[in-house]
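Asks: The structure under discussion is supplied below as structure tokens; questions concerning it will follow.
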Amino acid sequence: MYFSKSQTNRIVFKGELGIFNRLQSIYHDSQFVKRTQESLYPGLPLIANLRCGAWYSDKFDATVYFKSTDGHFGNWSFSTNRLNLHLLDIIIKKKAAIIIDSTRKGKNFPDSFSRTIPIWTCVINRTLLHLKIENIKRNHQNEASANQLISILENRWNSELNTPNWVPPTEKNQIEKLVINKFVKELLKCGADLSKFTESIDKPLRPIWINTESILWTDSIVNPDDLDFHPLYLVSCSDHRREGHPSYRSYVQGAGDDEEGWSYGLTPQLFWSNCKEILDIQQDCLEDFISNLLLESKIKSISIDQQEKSDNSGNDNNHNNIHMNNRYTDEGTENIGDLNFTVSNSLKCLNSVWSKFDVILNCSEITYEGIITESSPQKHKDNYLHLPIREGKIGKNDLQQQLPLAEKFIIDRIKENKDYKILLHSTTGKANCVSILLSIITKYFLRYPDTNNNNNNLSQDQNFYFNFSENPRSNINKDDIKVSYLFIEKYCSQSLPCKAMRNSINRHLMSPDQSVLHKGFVYNK
């Protein structure tokens, strides 16, 4: 068979940048990540910058989401949709953090590291400084004393924009003069609760850049407690020295980027769970091997142990759940403030689940066998619902179709008893749970402050109250949705829905009609 020159180039290009070379390159880069973590101060958390960074280790402590496009020249942005405030919680506990990402051919560092995170740290530093100064003014009636404390604070609090030396000074000046203070105002106005960070973070943040050319002397690494700032170690793990070198033709710089185009559905978790087998297999057999892995990993149902504890036996009405003071917690489970909502992807949470919760909504594709049986009390049967929703972008249409059903199910149960403890669960991820909760809180809970309201049972979050109302909000706008989103983000920062899912929520909440056109058919809300 004859191939044209362009066809030959495409075949060679696909082979060189195919999944075999990418996974081998990812493993190579992961060894640099491991060595770097061992070289830095012990105990620092390892954090993946999604989505590319998630490929480079099997032992991440958390994730963040800083987009490279937010750092592109002239397009500098500070996202109030994904504030990454949980990174500040990590800083409070660990004093520093290591963030992992990579970049494709032609760069040493991704723009997320060169510009997006430096902009973010500067905005956070200036915002916290502003709030600290406001606190000093509020707590000190003596103006001279307050001014003295403010002067001391400003001298030790570096709020300048710190960028690496490869960002031109002219660009740095433009960012600092044109957008930083604007972003600070946006952060202060967006409704995020920053009060605990104002009190707990006593030093500014500062990025430090590390790549494969960096030399780290283990005995010279300083304890973060001894620095006058909280370091964010930005580790670009791709080896730009190998890219294009004749001896390393199979190496792909930034191999984890744009996974939709090369991974065949393989995820970082599945890769690291089967790493040895995947890396040892021959190139021609790899795609079939991955296809089989994906088939084996698609669980359609799981069996749930509903053996009740002795002190809960015969509990048909679940009154012990309603009056329980202690809320259930484990890894993978988050309680949403002092509202009676819990989201989880924990299998442990499902064991004896009716002794912990009164209402259960299964938002995953997987069937939970054993939660409801023929002998289950009618109350349990009435208070359990399975709405199959695929995870991520591919599930956006499922979500939009199921939102009205989920909303009606939960609101009907709350009207029945406002003290019900409600679990939204999905074993494959919590983004579906958060999406449904975002819709419900915005429509039935979010209330702007009423100065004449003396109800002490309200959940107050800065300037907004979250209390149940049987009458849903009308004329909902994006600002209303954002307030609820920021409220939920405080408790589920690692499980936020993607943009496509948020758009489905926006359409559901902001549709002017009682029916929504969805993929060619109309369904009633």
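Each chain in the structure tokens gets a letter, A, B, ..., in the order shown, and its residues are numbered from 1; ligands are numbered from 1 in order too.
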Quick one: everything within 7 Å of segment 399-410 of chain A, counting only C-alpha atoms, minus sequence neighbours fewer than 6 positions away in the same chain. Send it as a list in words.
Replies: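 The neighbour list is Leu387, Ile389, Ile436, Ile440, Ser504, Ile505, His508 and Lys525 of chain A.
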Asks: Can you tell me, as an mmCIF file with N, CA and C atoms, in the first residue's frame, which residues in segment 225-455 of chain A count as strand (DSSP E) by DSSP?
Replies:
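Result file follows (states-v4.cif):
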```cif
data_model
loop_
_atom_site.group_PDB
_atom_site.id
_atom_site.type_symbol
_atom_site.label_atom_id
_atom_site.label_comp_id
_atom_site.auth_asym_id
_atom_site.auth_seq_id
_atom_site.Cartn_x
_atom_site.Cartn_y
_atom_site.Cartn_z
ATOM 1 N N HIS A 230 4.981 31.630 53.206
ATOM 2 C CA HIS A 230 4.575 30.236 53.011
ATOM 3 C C HIS A 230 4.943 29.828 51.583
ATOM 4 N N PRO A 231 5.895 28.911 51.395
ATOM 5 C CA PRO A 231 6.308 28.554 50.034
ATOM 6 C C PRO A 231 5.337 27.598 49.338
ATOM 7 N N LEU A 232 5.066 27.894 48.082
ATOM 8 C CA LEU A 232 4.363 26.969 47.196
ATOM 9 C C LEU A 232 5.387 26.495 46.175
ATOM 10 N N TYR A 233 5.828 25.254 46.304
ATOM 11 C CA TYR A 233 6.827 24.713 45.390
ATOM 12 C C TYR A 233 6.127 24.251 44.110
ATOM 13 N N LEU A 234 6.368 24.947 43.018
ATOM 14 C CA LEU A 234 5.722 24.649 41.739
ATOM 15 C C LEU A 234 6.672 23.783 40.920
ATOM 16 N N VAL A 235 6.372 22.496 40.836
ATOM 17 C CA VAL A 235 7.274 21.526 40.218
ATOM 18 C C VAL A 235 6.766 21.162 38.827
ATOM 19 N N SER A 236 7.509 21.596 37.808
ATOM 20 C CA SER A 236 7.218 21.200 36.429
ATOM 21 C C SER A 236 8.041 19.954 36.133
ATOM 22 N N SER A 301 -22.923 -3.028 39.814
ATOM 23 C CA SER A 301 -23.612 -3.047 41.101
ATOM 24 C C SER A 301 -22.627 -3.426 42.198
ATOM 25 N N ILE A 302 -22.947 -3.009 43.418
ATOM 26 C CA ILE A 302 -22.165 -3.402 44.580
ATOM 27 C C ILE A 302 -23.123 -3.854 45.670
ATOM 28 N N SER A 303 -22.652 -4.774 46.503
ATOM 29 C CA SER A 303 -23.480 -5.270 47.604
ATOM 30 C C SER A 303 -23.173 -4.472 48.858
ATOM 31 N N THR A 333 -16.199 11.676 52.779
ATOM 32 C CA THR A 333 -17.527 12.137 53.191
ATOM 33 C C THR A 333 -17.432 13.555 53.734
ATOM 34 N N GLU A 334 -18.286 14.450 53.234
ATOM 35 C CA GLU A 334 -18.304 15.838 53.710
ATOM 36 C C GLU A 334 -19.703 16.242 54.133
ATOM 37 N N ASN A 335 -19.788 16.880 55.291
ATOM 38 C CA ASN A 335 -21.037 17.472 55.751
ATOM 39 C C ASN A 335 -21.060 18.936 55.328
ATOM 40 N N PHE A 341 -27.256 18.130 55.067
ATOM 41 C CA PHE A 341 -26.836 17.456 53.843
ATOM 42 C C PHE A 341 -25.431 16.892 54.014
ATOM 43 N N THR A 342 -25.242 15.676 53.476
ATOM 44 C CA THR A 342 -23.925 15.042 53.440
ATOM 45 C C THR A 342 -23.702 14.503 52.036
ATOM 46 N N VAL A 343 -22.510 14.718 51.484
ATOM 47 C CA VAL A 343 -22.151 14.124 50.191
ATOM 48 C C VAL A 343 -20.989 13.170 50.419
ATOM 49 N N SER A 344 -20.978 12.057 49.671
ATOM 50 C CA SER A 344 -19.959 11.040 49.926
ATOM 51 C C SER A 344 -19.754 10.154 48.707
ATOM 52 N N VAL A 359 -32.556 9.816 54.617
ATOM 53 C CA VAL A 359 -32.886 9.905 53.193
ATOM 54 C C VAL A 359 -31.606 9.671 52.402
ATOM 55 N N ILE A 360 -31.691 8.829 51.355
ATOM 56 C CA ILE A 360 -30.496 8.490 50.572
ATOM 57 C C ILE A 360 -30.804 8.652 49.089
ATOM 58 N N LEU A 361 -29.961 9.430 48.406
ATOM 59 C CA LEU A 361 -30.055 9.595 46.957
ATOM 60 C C LEU A 361 -28.772 9.056 46.331
ATOM 61 N N ASN A 362 -28.907 8.006 45.525
ATOM 62 C CA ASN A 362 -27.775 7.413 44.810
ATOM 63 C C ASN A 362 -27.668 8.096 43.452
ATOM 64 N N THR A 367 -25.718 0.313 40.845
ATOM 65 C CA THR A 367 -26.821 -0.083 41.718
ATOM 66 C C THR A 367 -26.274 -0.538 43.064
ATOM 67 N N TYR A 368 -26.886 -0.067 44.144
ATOM 68 C CA TYR A 368 -26.468 -0.456 45.492
ATOM 69 C C TYR A 368 -27.396 -1.560 45.992
ATOM 70 N N GLU A 369 -26.969 -2.799 45.790
ATOM 71 C CA GLU A 369 -27.794 -3.935 46.193
ATOM 72 C C GLU A 369 -27.726 -4.126 47.706
ATOM 73 N N TYR A 384 -35.488 6.207 49.619
ATOM 74 C CA TYR A 384 -34.309 5.880 48.807
ATOM 75 C C TYR A 384 -34.651 6.067 47.336
ATOM 76 N N LEU A 385 -33.730 6.681 46.600
ATOM 77 C CA LEU A 385 -33.928 6.881 45.162
ATOM 78 C C LEU A 385 -32.594 6.722 44.448
ATOM 79 N N HIS A 386 -32.622 5.990 43.329
ATOM 80 C CA HIS A 386 -31.435 5.832 42.486
ATOM 81 C C HIS A 386 -31.674 6.561 41.172
ATOM 82 N N ILE A 422 -29.803 13.834 55.262
ATOM 83 C CA ILE A 422 -29.905 13.449 53.854
ATOM 84 C C ILE A 422 -28.518 13.166 53.291
ATOM 85 N N LEU A 423 -28.357 11.991 52.685
ATOM 86 C CA LEU A 423 -27.096 11.583 52.065
ATOM 87 C C LEU A 423 -27.238 11.586 50.547
ATOM 88 N N LEU A 424 -26.353 12.314 49.869
ATOM 89 C CA LEU A 424 -26.223 12.235 48.416
ATOM 90 C C LEU A 424 -24.934 11.476 48.143
ATOM 91 N N HIS A 425 -25.037 10.343 47.454
ATOM 92 C CA HIS A 425 -23.898 9.425 47.360
ATOM 93 C C HIS A 425 -23.636 9.000 45.925
ATOM 94 N N LEU A 446 -31.004 29.400 49.746
ATOM 95 C CA LEU A 446 -30.279 30.670 49.742
ATOM 96 C C LEU A 446 -31.223 31.840 49.960
ATOM 97 N N ARG A 447 -30.928 32.619 50.985
ATOM 98 C CA ARG A 447 -31.714 33.818 51.261
ATOM 99 C C ARG A 447 -30.779 34.967 51.596
#
```
Asks: Please identify all polymer residues within 12 Å of segment 289-294 of chain A, counting only C-alpha atoms, omitting same-chain residues fewer than 2 positions from it, and present them as a VMD selection string.
Replies: chain A and resid 19 to 20 23 262 to 267 269 to 271 273 to 275 277 to 287 296 to 299
Asks: Enumerate as a PyMOL selection string all residues of segment 270-390 of chain A assigned to alpha helix (DSSP H) by DSSP on the backbone, naming them with the chain letters and numbers the document uses.
Replies: chain A and resi 270-273+275-280+286-297+319-322+347-350+378-382
Asks: Got time to write the residues from that selection, N, CA and C atoms, as a short mmCIF file (atom, residue, chain, number, x, y, z; two decimals), in the first residue's frame?
Replies:
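So again.cif came out as:
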```
data_model
loop_
_atom_site.label_atom_id
_atom_site.label_comp_id
_atom_site.auth_asym_id
_atom_site.auth_seq_id
_atom_site.Cartn_x
_atom_site.Cartn_y
_atom_site.Cartn_z
N LEU A 270 -6.57 4.38 37.30
CA LEU A 270 -6.50 3.04 36.71
C LEU A 270 -5.08 2.74 36.23
N PHE A 271 -4.40 3.75 35.73
CA PHE A 271 -3.01 3.57 35.29
C PHE A 271 -2.12 3.15 36.45
N TRP A 272 -2.20 3.87 37.56
CA TRP A 272 -1.32 3.56 38.69
C TRP A 272 -1.71 2.26 39.40
N SER A 273 -2.98 1.89 39.32
CA SER A 273 -3.40 0.62 39.92
C SER A 273 -2.85 -0.57 39.14
N CYS A 275 0.01 -0.24 36.98
CA CYS A 275 1.19 0.38 36.37
C CYS A 275 2.19 -0.65 35.84
N LYS A 276 2.54 -1.62 36.64
CA LYS A 276 3.57 -2.59 36.24
C LYS A 276 3.15 -3.35 34.99
N GLU A 277 1.90 -3.83 34.96
CA GLU A 277 1.42 -4.59 33.81
C GLU A 277 1.38 -3.71 32.56
N ILE A 278 0.94 -2.47 32.70
CA ILE A 278 0.83 -1.57 31.55
C ILE A 278 2.20 -1.25 30.97
N LEU A 279 3.17 -0.98 31.83
CA LEU A 279 4.49 -0.59 31.35
C LEU A 279 5.27 -1.77 30.77
N ASP A 280 4.93 -3.00 31.18
CA ASP A 280 5.65 -4.18 30.70
C ASP A 280 5.08 -4.74 29.40
N LEU A 286 -1.06 -2.97 23.76
CA LEU A 286 -1.44 -2.06 24.84
C LEU A 286 -2.89 -1.61 24.75
N GLU A 287 -3.35 -1.24 23.56
CA GLU A 287 -4.72 -0.72 23.43
C GLU A 287 -5.75 -1.78 23.81
N ASP A 288 -5.52 -3.03 23.40
CA ASP A 288 -6.45 -4.10 23.77
C ASP A 288 -6.43 -4.35 25.27
N PHE A 289 -5.24 -4.27 25.86
CA PHE A 289 -5.11 -4.48 27.30
C PHE A 289 -5.89 -3.41 28.07
N ILE A 290 -5.78 -2.16 27.61
CA ILE A 290 -6.50 -1.06 28.27
C ILE A 290 -8.01 -1.22 28.10
N SER A 291 -8.43 -1.65 26.92
CA SER A 291 -9.87 -1.88 26.70
C SER A 291 -10.41 -2.91 27.67
N ASN A 292 -9.66 -3.99 27.89
CA ASN A 292 -10.08 -5.01 28.84
C ASN A 292 -10.10 -4.47 30.27
N LEU A 293 -9.11 -3.65 30.61
CA LEU A 293 -9.09 -3.03 31.94
C LEU A 293 -10.34 -2.19 32.17
N LEU A 294 -10.71 -1.42 31.17
CA LEU A 294 -11.88 -0.55 31.30
C LEU A 294 -13.15 -1.36 31.46
N LEU A 295 -13.25 -2.48 30.73
CA LEU A 295 -14.43 -3.33 30.86
C LEU A 295 -14.51 -3.93 32.26
N GLU A 296 -13.38 -4.38 32.78
CA GLU A 296 -13.35 -4.98 34.11
C GLU A 296 -13.65 -3.96 35.20
N SER A 297 -13.29 -2.69 34.95
CA SER A 297 -13.46 -1.67 35.99
C SER A 297 -14.88 -1.11 36.05
N HIS A 319 -35.75 7.72 64.09
CA HIS A 319 -35.75 8.89 64.96
C HIS A 319 -34.38 9.13 65.58
N ASN A 320 -33.58 8.05 65.73
CA ASN A 320 -32.24 8.25 66.30
C ASN A 320 -31.36 9.07 65.37
N ASN A 321 -31.60 9.01 64.06
CA ASN A 321 -30.83 9.82 63.13
C ASN A 321 -31.21 11.29 63.24
N ILE A 322 -32.50 11.55 63.34
CA ILE A 322 -32.98 12.92 63.40
C ILE A 322 -32.42 13.65 64.61
N LEU A 347 -17.46 3.91 50.33
CA LEU A 347 -18.19 2.64 50.48
C LEU A 347 -18.46 2.35 51.95
N LYS A 348 -17.53 2.74 52.81
CA LYS A 348 -17.70 2.53 54.24
C LYS A 348 -18.95 3.23 54.74
N CYS A 349 -19.23 4.39 54.17
CA CYS A 349 -20.40 5.18 54.57
C CYS A 349 -21.70 4.42 54.34
N LEU A 350 -21.71 3.52 53.33
CA LEU A 350 -22.94 2.81 52.98
C LEU A 350 -23.27 1.65 53.91
N GLN A 378 -41.15 0.19 54.97
CA GLN A 378 -41.68 1.04 53.92
C GLN A 378 -41.02 2.42 53.94
N LYS A 379 -40.66 2.87 55.14
CA LYS A 379 -40.02 4.18 55.26
C LYS A 379 -38.72 4.22 54.48
N HIS A 380 -37.95 3.14 54.56
CA HIS A 380 -36.70 3.07 53.82
C HIS A 380 -36.96 3.08 52.31
N LYS A 381 -37.95 2.32 51.89
CA LYS A 381 -38.28 2.26 50.46
C LYS A 381 -38.70 3.62 49.92
N ASP A 382 -39.45 4.36 50.74
CA ASP A 382 -39.90 5.69 50.31
C ASP A 382 -38.76 6.70 50.29
#
```
Asks: Between atom CA of Trp76 of chain A and atom CA of Glu176 of chain A, what is the distance, to one decimal in Å?
Replies: 10.5 Å
Asks: Residues within 12 Å of Asp70 of chain A, please, as a list in words. Count only C-alpha atoms; anything in the same chain fewer than 2 positions from it doesn't count.
Replies: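 Residues near the query, excluding close chain neighbours: Tyr65, Phe66, Lys67, Ser68, His72, Phe73, Gly74, Asn75, Trp76, Ser77, Phe78, Ser79, Thr80, Arg82, Pro110, Asp111, Ser112, Phe113, Ser114, Arg115, Thr116, Ile117, Pro118, Ile119, Trp120 and Ile175 of chain A.
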Asks: For segment 38-44 of chain A, find every residue with an atom within 8 Å (counting only C-alpha atoms), except residues of its own chain fewer than 3 positions away, and show them as a list in words.
Replies: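 Once the nearby chain positions are removed, what remains is Lys34, Arg35, Lys94, Ala96, Ala97, Ile98, Leu216, Trp217, Thr218, Ile221, Val222, Asn223 and Pro224 of chain A.
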Asks: What separation in Å, quoted to one decimal, exists between atom CA of Asp398 of chain A and atom CA of Asn503 of chain A?
Replies: 12.7 Å
Asks: With only C-alpha atoms as the atoms that count, which of A:Thr121, A:Ser102, A:Thr170, A:Thr127 lies nearest to Ile210 of chain A?
Replies: A:Ser102
Asks: With only C-alpha atoms as the basis for distance, which of A:Ser250, A:Asn181, A:Asn158, A:Ser439 is at the shortest distance from Gly18 of chain A?
Replies: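 Ranked by minimum distance to Gly18 of chain A, first place goes to A:Ser250.
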Asks: One decimal, Å: what's the distance from atom CA of Phe487 of chain A over to atom CA of Gly191 of chain A, could you say?
Replies: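 Between atom CA of Phe487 of chain A and atom CA of Gly191 of chain A the gap is 8.4 Å.
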Asks: Could you name the residues that touch Lys482 of chain A at 10 Å or less, counting only C-alpha atoms, but leaving out those on the same chain fewer than 6 positions away, as a list in words?
Replies: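 Final neighbour list, sorted by chain and number: Thr80, Asn81, Cys190, Gly191, Ala192, Leu438, Thr442 and Ile488 of chain A.
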Asks: Can you write just those residues out, C-alpha atoms, as a JSON list (two decimals), in the first residue's frame?
Replies:
```
[["chain", "number", "residue", "atom", "x", "y", "z"],
["A", 80, "THR", "CA", -14.05, 33.20, 41.33],
["A", 81, "ASN", "CA", -15.70, 29.98, 40.14],
["A", 190, "CYS", "CA", -17.95, 37.45, 45.36],
["A", 191, "GLY", "CA", -19.26, 36.22, 48.72],
["A", 192, "ALA", "CA", -16.41, 33.87, 49.67],
["A", 438, "LEU", "CA", -26.05, 23.28, 44.32],
["A", 442, "THR", "CA", -29.84, 27.90, 45.40],
["A", 488, "ILE", "CA", -20.54, 24.43, 49.07]]
```
